[in-house]
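What follows is the content of target.cif, which has mmCIF, C-alpha atoms:
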data_my_file
#
loop_
_atom_site.group_PDB
_atom_site.id
_atom_site.type_symbol
_atom_site.label_atom_id
_atom_site.label_comp_id
_atom_site.auth_asym_id
_atom_site.auth_seq_id
_atom_site.Cartn_x
_atom_site.Cartn_y
_atom_site.Cartn_z
ATOM 1 C CA MET U 27 98.025 194.225 11.237
ATOM 2 C CA PRO U 28 100.763 193.259 8.778
ATOM 3 C CA PRO U 29 103.030 190.336 9.690
ATOM 4 C CA LEU U 30 106.601 190.732 10.852
ATOM 5 C CA THR U 31 108.595 192.734 8.344
ATOM 6 C CA SER U 32 112.179 192.179 7.285
ATOM 7 C CA THR U 33 114.199 195.277 8.156
ATOM 8 C CA PRO U 34 117.985 195.661 8.027
ATOM 9 C CA PHE U 35 119.344 194.606 11.405
ATOM 10 C CA LYS U 36 123.047 195.056 12.042
ATOM 11 C CA ALA U 37 125.211 194.558 15.098
ATOM 12 C CA PHE U 38 125.457 197.567 17.395
ATOM 13 C CA THR U 39 126.473 198.651 20.882
ATOM 14 C CA LEU U 40 123.860 199.799 23.392
ATOM 15 C CA ALA U 41 124.740 201.919 26.443
ATOM 16 C CA LEU U 42 122.446 202.470 29.447
ATOM 17 C CA ILE U 43 123.046 205.301 31.898
ATOM 18 C CA GLN U 44 121.753 204.460 35.364
ATOM 19 C CA LEU U 45 121.702 208.096 36.418
ATOM 20 C CA GLY U 46 122.126 209.150 40.021
ATOM 21 C CA ASN U 47 122.018 212.447 41.913
ATOM 22 C CA VAL U 48 118.656 213.547 40.488
ATOM 23 C CA GLY U 49 117.413 216.292 42.808
ATOM 24 C CA SER U 50 115.175 219.341 42.883
ATOM 25 C CA ASN U 51 117.483 221.542 40.769
ATOM 26 C CA LYS U 52 116.527 220.915 37.140
ATOM 27 C CA SER U 53 119.532 222.775 35.712
ATOM 28 C CA GLU U 54 121.874 220.649 37.796
ATOM 29 C CA ASN U 55 120.025 217.478 36.759
ATOM 30 C CA LEU U 56 120.446 218.411 33.099
ATOM 31 C CA ARG U 57 124.109 219.282 33.565
ATOM 32 C CA HIS U 58 124.812 215.941 35.225
ATOM 33 C CA ALA U 59 122.844 213.997 32.612
ATOM 34 C CA ARG U 60 124.854 215.702 29.867
ATOM 35 C CA GLU U 61 128.120 214.807 31.600
ATOM 36 C CA MET U 62 127.045 211.177 31.850
ATOM 37 C CA VAL U 63 126.103 211.003 28.160
ATOM 38 C CA LEU U 64 129.574 212.298 27.313
ATOM 39 C CA LYS U 65 131.084 209.726 29.674
ATOM 40 C CA ALA U 66 129.024 206.912 28.141
ATOM 41 C CA ALA U 67 130.175 207.904 24.669
ATOM 42 C CA GLN U 68 133.812 207.682 25.744
ATOM 43 C CA GLY U 69 133.577 204.658 28.013
ATOM 44 C CA GLN U 70 134.676 202.058 25.500
ATOM 45 C CA ALA U 71 137.109 201.849 22.598
ATOM 46 C CA LYS U 72 134.116 201.761 20.249
ATOM 47 C CA ARG U 73 131.571 204.533 20.715
ATOM 48 C CA PRO U 74 128.107 203.120 21.466
ATOM 49 C CA ASP U 75 125.527 203.432 18.705
ATOM 50 C CA ILE U 76 122.617 204.152 21.068
ATOM 51 C CA ILE U 77 122.781 205.752 24.516
ATOM 52 C CA VAL U 78 119.779 205.609 26.861
ATOM 53 C CA LEU U 79 118.853 207.752 29.870
ATOM 54 C CA PRO U 80 116.338 206.642 32.544
ATOM 55 C CA GLU U 81 112.751 207.596 33.225
ATOM 56 C CA CYS U 82 112.201 211.067 34.700
ATOM 57 C CA PHE U 83 115.886 211.988 34.525
ATOM 58 C CA ASN U 84 115.419 215.774 34.846
ATOM 59 C CA SER U 85 113.227 215.878 37.963
ATOM 60 C CA PRO U 86 112.294 213.988 41.113
ATOM 61 C CA TYR U 87 109.863 211.155 40.444
ATOM 62 C CA GLY U 88 106.400 211.738 41.879
ATOM 63 C CA HIS U 89 102.952 212.908 40.807
ATOM 64 C CA THR U 90 103.348 216.145 42.762
ATOM 65 C CA HIS U 91 106.567 216.955 40.892
ATOM 66 C CA PHE U 92 105.323 216.332 37.342
ATOM 67 C CA PRO U 93 103.347 219.607 36.938
ATOM 68 C CA VAL U 94 106.206 221.655 38.430
ATOM 69 C CA TYR U 95 108.894 220.287 36.115
ATOM 70 C CA ALA U 96 106.773 219.809 32.963
ATOM 71 C CA GLU U 97 108.084 221.360 29.754
ATOM 72 C CA LYS U 98 106.350 222.198 26.490
ATOM 73 C CA ILE U 99 107.807 220.317 23.525
ATOM 74 C CA GLY U 100 105.298 220.638 20.674
ATOM 75 C CA PHE U 101 106.705 217.810 18.539
ATOM 76 C CA LYS U 102 104.477 216.437 15.766
ATOM 77 C CA PRO U 103 105.569 213.208 14.026
ATOM 78 C CA GLY U 104 106.444 213.715 10.379
ATOM 79 C CA ARG U 105 106.792 217.470 10.700
ATOM 80 C CA PRO U 106 110.063 219.444 10.895
ATOM 81 C CA TYR U 107 110.967 220.423 14.446
ATOM 82 C CA ASP U 108 113.121 223.483 15.113
ATOM 83 C CA ILE U 109 115.288 222.665 18.133
ATOM 84 C CA ALA U 110 116.522 226.248 18.375
ATOM 85 C CA LYS U 111 112.966 227.456 18.951
ATOM 86 C CA SER U 112 112.022 224.684 21.387
ATOM 87 C CA ALA U 113 110.615 225.854 24.713
ATOM 88 C CA SER U 114 112.027 222.733 26.363
ATOM 89 C CA GLU U 115 115.448 223.157 27.957
ATOM 90 C CA SER U 116 115.697 219.382 28.284
ATOM 91 C CA VAL U 117 115.098 218.896 24.557
ATOM 92 C CA GLN U 118 117.715 221.506 23.752
ATOM 93 C CA MET U 119 120.298 219.806 25.986
ATOM 94 C CA LEU U 120 119.559 216.325 24.645
ATOM 95 C CA SER U 121 119.753 217.499 21.035
ATOM 96 C CA SER U 122 123.022 219.289 21.673
ATOM 97 C CA VAL U 123 124.760 216.370 23.374
ATOM 98 C CA ALA U 124 123.509 213.822 20.804
ATOM 99 C CA LYS U 125 125.035 215.981 18.089
ATOM 100 C CA GLU U 126 128.240 216.395 20.086
ATOM 101 C CA VAL U 127 128.793 212.669 20.611
ATOM 102 C CA LYS U 128 127.397 211.782 17.167
ATOM 103 C CA THR U 129 125.219 208.927 18.359
ATOM 104 C CA TRP U 130 121.556 208.052 18.782
ATOM 105 C CA LEU U 131 120.183 209.193 22.115
ATOM 106 C CA ILE U 132 117.014 207.991 23.842
ATOM 107 C CA GLY U 133 116.343 210.784 26.298
ATOM 108 C CA GLY U 134 114.801 208.728 29.076
ATOM 109 C CA SER U 135 111.615 210.564 29.932
ATOM 110 C CA ILE U 136 110.591 213.993 31.220
ATOM 111 C CA PRO U 137 107.291 215.483 32.333
ATOM 112 C CA GLU U 138 105.768 217.161 29.262
ATOM 113 C CA ARG U 139 102.986 219.764 29.128
ATOM 114 C CA ASP U 140 100.995 219.680 25.890
ATOM 115 C CA VAL U 141 101.139 222.989 24.031
ATOM 116 C CA GLU U 142 97.451 222.820 23.046
ATOM 117 C CA ASP U 143 95.452 221.402 25.959
ATOM 118 C CA ASP U 144 97.906 221.783 28.873
ATOM 119 C CA LYS U 145 97.679 218.086 29.784
ATOM 120 C CA ILE U 146 100.785 216.563 31.332
ATOM 121 C CA TYR U 147 102.470 213.423 30.006
ATOM 122 C CA ASN U 148 105.455 211.247 30.886
ATOM 123 C CA THR U 149 107.374 211.567 27.627
ATOM 124 C CA CYS U 150 110.400 209.987 25.973
ATOM 125 C CA THR U 151 112.195 211.849 23.166
ATOM 126 C CA VAL U 152 114.683 210.392 20.672
ATOM 127 C CA TYR U 153 117.523 212.127 18.792
ATOM 128 C CA ASN U 154 119.620 211.061 15.833
ATOM 129 C CA PRO U 155 123.405 211.674 15.612
ATOM 130 C CA ASP U 156 122.740 215.071 14.005
ATOM 131 C CA GLY U 157 120.742 216.124 17.067
ATOM 132 C CA ASP U 158 117.372 216.048 15.299
ATOM 133 C CA LEU U 159 114.336 215.127 17.406
ATOM 134 C CA VAL U 160 112.965 212.203 15.394
ATOM 135 C CA ALA U 161 110.548 210.326 17.663
ATOM 136 C CA MET U 162 108.544 210.746 20.839
ATOM 137 C CA HIS U 163 106.596 208.370 23.073
ATOM 138 C CA ARG U 164 104.101 209.331 25.743
ATOM 139 C CA LYS U 165 103.727 206.696 28.453
ATOM 140 C CA VAL U 166 100.540 204.845 27.566
ATOM 141 C CA HIS U 167 99.831 202.957 30.778
ATOM 142 C CA LEU U 168 99.898 205.059 33.928
ATOM 143 C CA PHE U 169 101.390 203.675 37.134
ATOM 144 C CA ASP U 170 98.344 203.489 39.402
ATOM 145 C CA ILE U 171 98.937 200.758 41.960
ATOM 146 C CA ASP U 172 98.112 200.031 45.591
ATOM 147 C CA ILE U 173 99.893 197.143 47.318
ATOM 148 C CA PRO U 174 98.674 197.292 50.937
ATOM 149 C CA GLY U 175 101.453 197.869 53.433
ATOM 150 C CA LYS U 176 104.071 198.308 50.713
ATOM 151 C CA ILE U 177 103.435 201.008 48.093
ATOM 152 C CA LYS U 178 100.682 203.198 46.705
ATOM 153 C CA PHE U 179 101.321 205.398 43.691
ATOM 154 C CA THR U 180 98.858 207.170 41.412
ATOM 155 C CA GLU U 181 100.351 208.787 38.321
ATOM 156 C CA SER U 182 96.890 209.598 37.001
ATOM 157 C CA GLU U 183 96.484 212.267 39.683
ATOM 158 C CA THR U 184 98.512 214.572 37.447
ATOM 159 C CA LEU U 185 99.414 212.657 34.268
ATOM 160 C CA THR U 186 97.450 211.721 31.152
ATOM 161 C CA GLY U 187 98.191 208.492 29.291
ATOM 162 C CA GLY U 188 99.498 208.587 25.737
ATOM 163 C CA THR U 189 97.396 207.252 22.877
ATOM 164 C CA THR U 190 99.968 206.043 20.331
ATOM 165 C CA LEU U 191 102.531 203.262 19.969
ATOM 166 C CA ASN U 192 105.903 204.486 18.744
ATOM 167 C CA SER U 193 109.114 203.248 17.198
ATOM 168 C CA PHE U 194 111.992 204.604 15.139
ATOM 169 C CA ASP U 195 114.442 203.272 12.569
ATOM 170 C CA THR U 196 118.156 203.904 13.001
ATOM 171 C CA GLY U 197 119.309 202.284 9.772
ATOM 172 C CA PHE U 198 120.873 199.416 11.762
ATOM 173 C CA ALA U 199 117.830 198.429 13.850
ATOM 174 C CA LYS U 200 114.195 199.281 14.385
ATOM 175 C CA ILE U 201 113.578 200.258 17.998
ATOM 176 C CA GLY U 202 110.240 200.054 19.795
ATOM 177 C CA LEU U 203 109.612 202.468 22.657
ATOM 178 C CA GLY U 204 107.810 202.132 25.965
ATOM 179 C CA ILE U 205 108.109 203.661 29.420
ATOM 180 C CA CYS U 206 108.230 201.657 32.658
ATOM 181 C CA TYR U 207 104.698 200.366 33.376
ATOM 182 C CA ASP U 208 104.155 199.891 29.630
ATOM 183 C CA ILE U 209 106.255 196.708 29.836
ATOM 184 C CA ARG U 210 103.540 194.969 31.846
ATOM 185 C CA PHE U 211 101.270 194.978 28.788
ATOM 186 C CA PRO U 212 102.367 192.221 26.379
ATOM 187 C CA GLU U 213 100.024 193.433 23.633
ATOM 188 C CA MET U 214 102.111 196.565 23.207
ATOM 189 C CA ALA U 215 105.361 194.617 22.864
ATOM 190 C CA MET U 216 103.779 192.117 20.467
ATOM 191 C CA ILE U 217 102.557 194.882 18.171
ATOM 192 C CA ALA U 218 106.036 196.442 18.084
ATOM 193 C CA ALA U 219 107.632 193.083 17.266
ATOM 194 C CA ARG U 220 105.052 192.282 14.576
ATOM 195 C CA GLN U 221 105.751 195.674 13.027
ATOM 196 C CA GLY U 222 109.412 194.744 12.682
ATOM 197 C CA CYS U 223 111.075 196.093 15.828
ATOM 198 C CA ASN U 224 114.232 194.171 16.701
ATOM 199 C CA VAL U 225 114.797 195.849 20.065
ATOM 200 C CA LEU U 226 112.348 197.185 22.664
ATOM 201 C CA ILE U 227 113.660 199.871 25.023
ATOM 202 C CA TYR U 228 111.842 201.082 28.125
ATOM 203 C CA PRO U 229 113.217 203.845 30.343
ATOM 204 C CA GLY U 230 111.725 202.818 33.682
ATOM 205 C CA ALA U 231 111.781 203.254 37.454
ATOM 206 C CA PHE U 232 110.492 200.223 39.303
ATOM 207 C CA ASN U 233 110.588 200.460 43.097
ATOM 208 C CA LEU U 234 111.851 198.293 45.947
ATOM 209 C CA THR U 235 108.592 196.306 45.999
ATOM 210 C CA THR U 236 107.957 195.654 42.299
ATOM 211 C CA GLY U 237 111.622 195.659 41.302
ATOM 212 C CA PRO U 238 112.773 192.437 42.975
ATOM 213 C CA LEU U 239 109.510 190.741 41.994
ATOM 214 C CA HIS U 240 109.112 191.635 38.338
ATOM 215 C CA TRP U 241 111.879 193.837 36.842
ATOM 216 C CA GLU U 242 113.941 191.009 35.360
ATOM 217 C CA LEU U 243 110.965 188.693 34.905
ATOM 218 C CA LEU U 244 109.066 191.144 32.696
ATOM 219 C CA GLN U 245 112.049 191.924 30.492
ATOM 220 C CA ARG U 246 112.835 188.265 29.965
ATOM 221 C CA SER U 247 109.158 187.518 29.354
ATOM 222 C CA ARG U 248 108.743 190.194 26.689
ATOM 223 C CA ALA U 249 112.008 189.078 25.067
ATOM 224 C CA VAL U 250 110.990 185.406 24.941
ATOM 225 C CA ASP U 251 107.367 186.158 23.945
ATOM 226 C CA ASN U 252 108.443 188.140 20.905
ATOM 227 C CA GLN U 253 111.992 186.890 20.274
ATOM 228 C CA VAL U 254 113.485 190.371 20.386
ATOM 229 C CA PHE U 255 116.066 192.177 22.495
ATOM 230 C CA VAL U 256 114.559 194.023 25.480
ATOM 231 C CA SER U 257 116.134 196.648 27.706
ATOM 232 C CA MET U 258 115.061 198.814 30.647
ATOM 233 C CA CYS U 259 117.065 201.787 31.915
ATOM 234 C CA SER U 260 116.485 202.790 35.539
ATOM 235 C CA PRO U 261 117.598 205.704 37.672
ATOM 236 C CA ALA U 262 120.114 204.844 40.382
ATOM 237 C CA ARG U 263 118.717 204.076 43.819
ATOM 238 C CA ASP U 264 118.630 207.030 46.203
ATOM 239 C CA LEU U 265 117.251 206.227 49.650
ATOM 240 C CA THR U 266 117.150 209.944 50.538
ATOM 241 C CA ALA U 267 114.675 210.624 47.721
ATOM 242 C CA GLY U 268 110.900 210.409 47.978
ATOM 243 C CA TYR U 269 110.808 207.483 45.502
ATOM 244 C CA HIS U 270 113.301 204.640 45.785
ATOM 245 C CA ALA U 271 114.174 203.203 42.373
ATOM 246 C CA TRP U 272 115.206 199.566 42.038
ATOM 247 C CA GLY U 273 118.096 200.204 39.650
ATOM 248 C CA HIS U 274 119.462 197.085 37.904
ATOM 249 C CA SER U 275 119.277 198.522 34.360
ATOM 250 C CA MET U 276 119.378 195.542 32.070
ATOM 251 C CA VAL U 277 119.642 194.171 28.531
ATOM 252 C CA VAL U 278 118.082 190.795 27.613
ATOM 253 C CA ASP U 279 118.478 188.818 24.388
ATOM 254 C CA PRO U 280 115.727 187.002 22.395
ATOM 255 C CA MET U 281 116.406 183.752 24.269
ATOM 256 C CA GLY U 282 115.797 185.470 27.599
ATOM 257 C CA ARG U 283 119.455 185.611 28.611
ATOM 258 C CA VAL U 284 120.625 188.659 30.562
ATOM 259 C CA LEU U 285 123.472 190.232 28.587
ATOM 260 C CA SER U 286 124.267 193.061 30.970
ATOM 261 C CA GLU U 287 122.968 194.262 34.338
ATOM 262 C CA ALA U 288 123.792 197.215 36.579
ATOM 263 C CA GLY U 289 123.804 197.248 40.362
ATOM 264 C CA ASP U 290 121.739 199.806 42.257
ATOM 265 C CA GLY U 291 124.090 202.835 42.136
ATOM 266 C CA GLU U 292 125.033 205.252 39.381
ATOM 267 C CA GLU U 293 126.597 203.229 36.593
ATOM 268 C CA ILE U 294 126.940 202.924 32.827
ATOM 269 C CA ILE U 295 126.527 199.475 31.292
ATOM 270 C CA TYR U 296 127.061 198.303 27.730
ATOM 271 C CA ALA U 297 125.761 195.415 25.649
ATOM 272 C CA GLU U 298 126.637 194.145 22.209
ATOM 273 C CA ILE U 299 123.466 193.511 20.205
ATOM 274 C CA ASP U 300 124.015 190.595 17.817
ATOM 275 C CA PRO U 301 121.392 190.118 15.074
ATOM 276 C CA ASP U 302 122.459 186.487 14.608
ATOM 277 C CA VAL U 303 120.991 185.670 18.032
ATOM 278 C CA LEU U 304 117.573 186.917 16.930
ATOM 279 C CA THR U 305 117.817 185.038 13.621
ATOM 280 C CA GLU U 306 118.892 181.786 15.283
ATOM 281 C CA THR U 307 116.248 182.062 17.997
ATOM 282 C CA ARG U 308 113.432 182.521 15.491
ATOM 283 C CA ALA U 309 114.743 179.717 13.269
ATOM 284 C CA GLY U 310 115.023 177.241 16.128
ATOM 285 C CA ILE U 311 111.766 178.105 17.908
ATOM 286 C CA PRO U 312 109.642 179.701 15.134
ATOM 287 C CA VAL U 313 106.760 181.073 17.205
ATOM 288 C CA THR U 314 106.609 184.274 15.155
ATOM 289 C CA VAL U 315 105.253 182.281 12.204
ATOM 290 C CA GLN U 316 103.274 179.724 14.217
ATOM 291 C CA ARG U 317 100.791 182.036 15.933
ATOM 292 C CA ARG U 318 97.146 181.097 15.329
ATOM 293 C CA PHE U 319 95.334 184.397 14.989
ATOM 294 C CA ASP U 320 92.491 182.463 13.383
ATOM 295 C CA VAL U 321 91.929 180.937 16.835
ATOM 296 C CA TYR U 322 92.579 183.945 19.098
ATOM 297 C CA THR U 323 90.950 186.523 16.890
ATOM 298 C CA ASP U 324 90.477 189.072 19.677
ATOM 299 C CA VAL U 325 94.188 189.934 19.520
ATOM 300 C CA ALA U 326 94.569 189.596 15.764
ATOM 301 C CA ALA U 327 93.441 193.102 14.785
#
Please re-express this file's structure in structure tokens.
Amino acid sequence: MPPLTSTPFKAFTLALIQLGNVGSNKSENLRHAREMVLKAAQGQAKRPDIIVLPECFNSPYGHTHFPVYAEKIGFKPGRPYDIAKSASESVQMLSSVAKEVKTWLIGGSIPERDVEDDKIYNTCTVYNPDGDLVAMHRKVHLFDIDIPGKIKFTESETLTGGTTLNSFDTGFAKIGLGICYDIRFPEMAMIAARQGCNVLIYPGAFNLTTGPLHWELLQRSRAVDNQVFVSMCSPARDLTAGYHAWGHSMVVDPMGRVLSEAGDGEEIIYAEIDPDVLTETRAGIPVTVQRRFDVYTDVAA
């Protein structure tokens, strides 16, 4: 793998939408998500440069729901994608609102059904300010856990894991993508950072068991490990739903400091991303150039 690359990194504003009121009506979920993107775009004197929605924003979260709400997208990296002909109503809405607010939009994630083999994925889509679909990430690591007496969840009952690592370049920053459980795998974050990503963004939905234990810890760990900005965007907590999200959407800087954090309800938070913090962190504690891949060769490839 090539070493860290030098890409233009400029100051920008990041907005996270901790979306609430996600129910069984997909059309209503999409309408509300659109309203919140518009609200996020107008919430400060300066329009945010990137707006982020949470994991599974268009449907209830659960392995039984994924096949019911899955949409066909058919995006292929590097190939033109005709939004007008998209079979995905979520993609059409996200494209339209990104174009309307003229900002980058990370569309959380939605259940996606592959157009060729019918497999179902947990998928994040990304739109530029013109509304073009420019990047997509399928959740690589599926949330299959069993903590006795607390929570059991098996995404693999209906989902397939993605097979690629994904990022996109905005012109002011290179953004690495992950979804929720992906953040527990430091190899994935390290690869993104070594490939020049300045910011790692994970739409995610930790629960009331794993959230208080690891939500903040993992974000700060990935930020300090790789000296990058890290952010996770959660749904709001809804104790009437089948899955109770932790909330606490967050942005962390390369020194591991929490720049912004939501509570557990529906909320929009903002953070100013300052490239000088990354530069100063790497100059003062230069781990990115001190790694000994000649010693730990099993992770060097």
(message) Just checking: using all atoms listed in the file, which residue out of U:Phe169, U:Lys98, U:Asn84, U:Pro174 ends up closest to Asp143 in chain U?
(response) U:Lys98
(request) Can you work out which one of U:Val278, U:Pro103, U:Glu142, U:Asp264 has the shortest atom-to-atom distance to Leu191 in chain U, counting all atoms listed in the file? (result)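 The shortest atom-to-atom distance to Leu191 in chain U comes from U:Pro103.
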(request) Would you mind reading off the distance between CA of Gly187 in chain U and CA of Ala199 in chain U, one decimal, in Å? (result)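 These two atoms are separated by 26.9 Å.
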(request) Pick out the residues sitting within 8 Å of Glu293 in chain U, and hand them over as a ChimeraX atom specification; count all atoms listed in the file, and ignore anything fewer than 2 positions along from it in its own chain. (result) /U:43-45,262,288-289,291,295
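The shortest atom-to-atom distance to Glu183 in chain U, with only C-alpha atoms taken into account, belongs to U:Gly88 out of U:Gly88, U:Ile77, U:Glu213, U:Tyr153.
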(request) Skip Gly100 in chain U itself and residues of its chain fewer than 3 positions away, then list as a ChimeraX atom specification all residues within 8 Å of it, counting all atoms listed in the file. (result) /U:112,140-141
(request) Do a neighbour search on Ala219 in chain U at 10 Å with all atoms listed in the file, toss out local chain neighbours closer than 2 positions, and write the hits as a PyMOL selection string. (result) chain U and resi 29-31+200-202+213-217+221-226+248-249+251-255+314
(request) Starting from the shown file, work through the PyMOL selection byres ((chain U and resi 159) around 10) and note down what comes out as a list in words. (result)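 After applying the PyMOL selection byres ((chain U and resi 159) around 10), what remains is Phe101, Pro103, Pro106, Tyr107, Asp108, Ile109, Val117, Gln118, Leu120, Ser121, Ala124, Leu131, Ile132, Thr151, Val152, Tyr153, Asn154, Pro155, Asp156, Gly157, Asp158, Val160, Ala161 and Met162 of chain U.
For the pair CA of Ile299 in chain U and CA of Trp241 in chain U, the interatomic distance is 20.3 Å.
Relative to CA of Phe194 in chain U, CA of Leu79 in chain U is found at 16.6 Å.
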(request) Kindly indicate which residue among U:Trp272, U:Phe319, U:Phe211, U:Phe179 lies nearest to Lys165 in chain U, using only C-alpha atoms for the distances. (result)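 Checking each candidate against Lys165 in chain U, we get U:Phe211 as the closest.
The nearest approach to Pro93 in chain U among the residues U:Glu61, U:Asp144, U:Glu126, U:Glu306, with all atoms listed in the file taken into account, belongs to U:Asp144.
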(request) Please write as a PyMOL selection string the full residue list that the PyMOL selection byres ((chain U and resi 59) around 12) yields on this file. (result) chain U and resi 42-49+52-58+60-66+77-85+116+119-120+123-124+131+133-134+261+292+294
Quick one: axis-aligned box around all listed atoms of range 234-244 of chain U, 8 Å on every side, centre and edge lengths in Å to one decimal, written as AutoDock Vina command-line options.
--center_x 110.9 --center_y 193.5 --center_z 39.3 --size_x 22.0 --size_y 25.6 --size_z 29.3
(request) Name the closest residue to Pro74 in chain U among the candidates U:Thr90, U:Thr39, U:Thr189, U:Thr196; distances are taken between atoms, counting all atoms listed in the file. (result)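 Result for the nearest residue to Pro74 in chain U: U:Thr39.
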(request) Please evaluate the PyMOL selection byres ((chain U and resi 181) around 6) against the structure above and give the resulting residues as a list of chain:residue names. (result)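 With the PyMOL selection byres ((chain U and resi 181) around 6) on this model, the match is U:His89, U:Leu168, U:Phe169, U:Asp170, U:Thr180, U:Ser182, U:Glu183, U:Leu185.
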(message) I'd like the contact shell of Ser257 in chain U - 6 Å cut-off, only C-alpha atoms, skipping same-chain residues fewer than 6 positions apart - returned as number ranges by chain.
(response) U: 227, 276-277
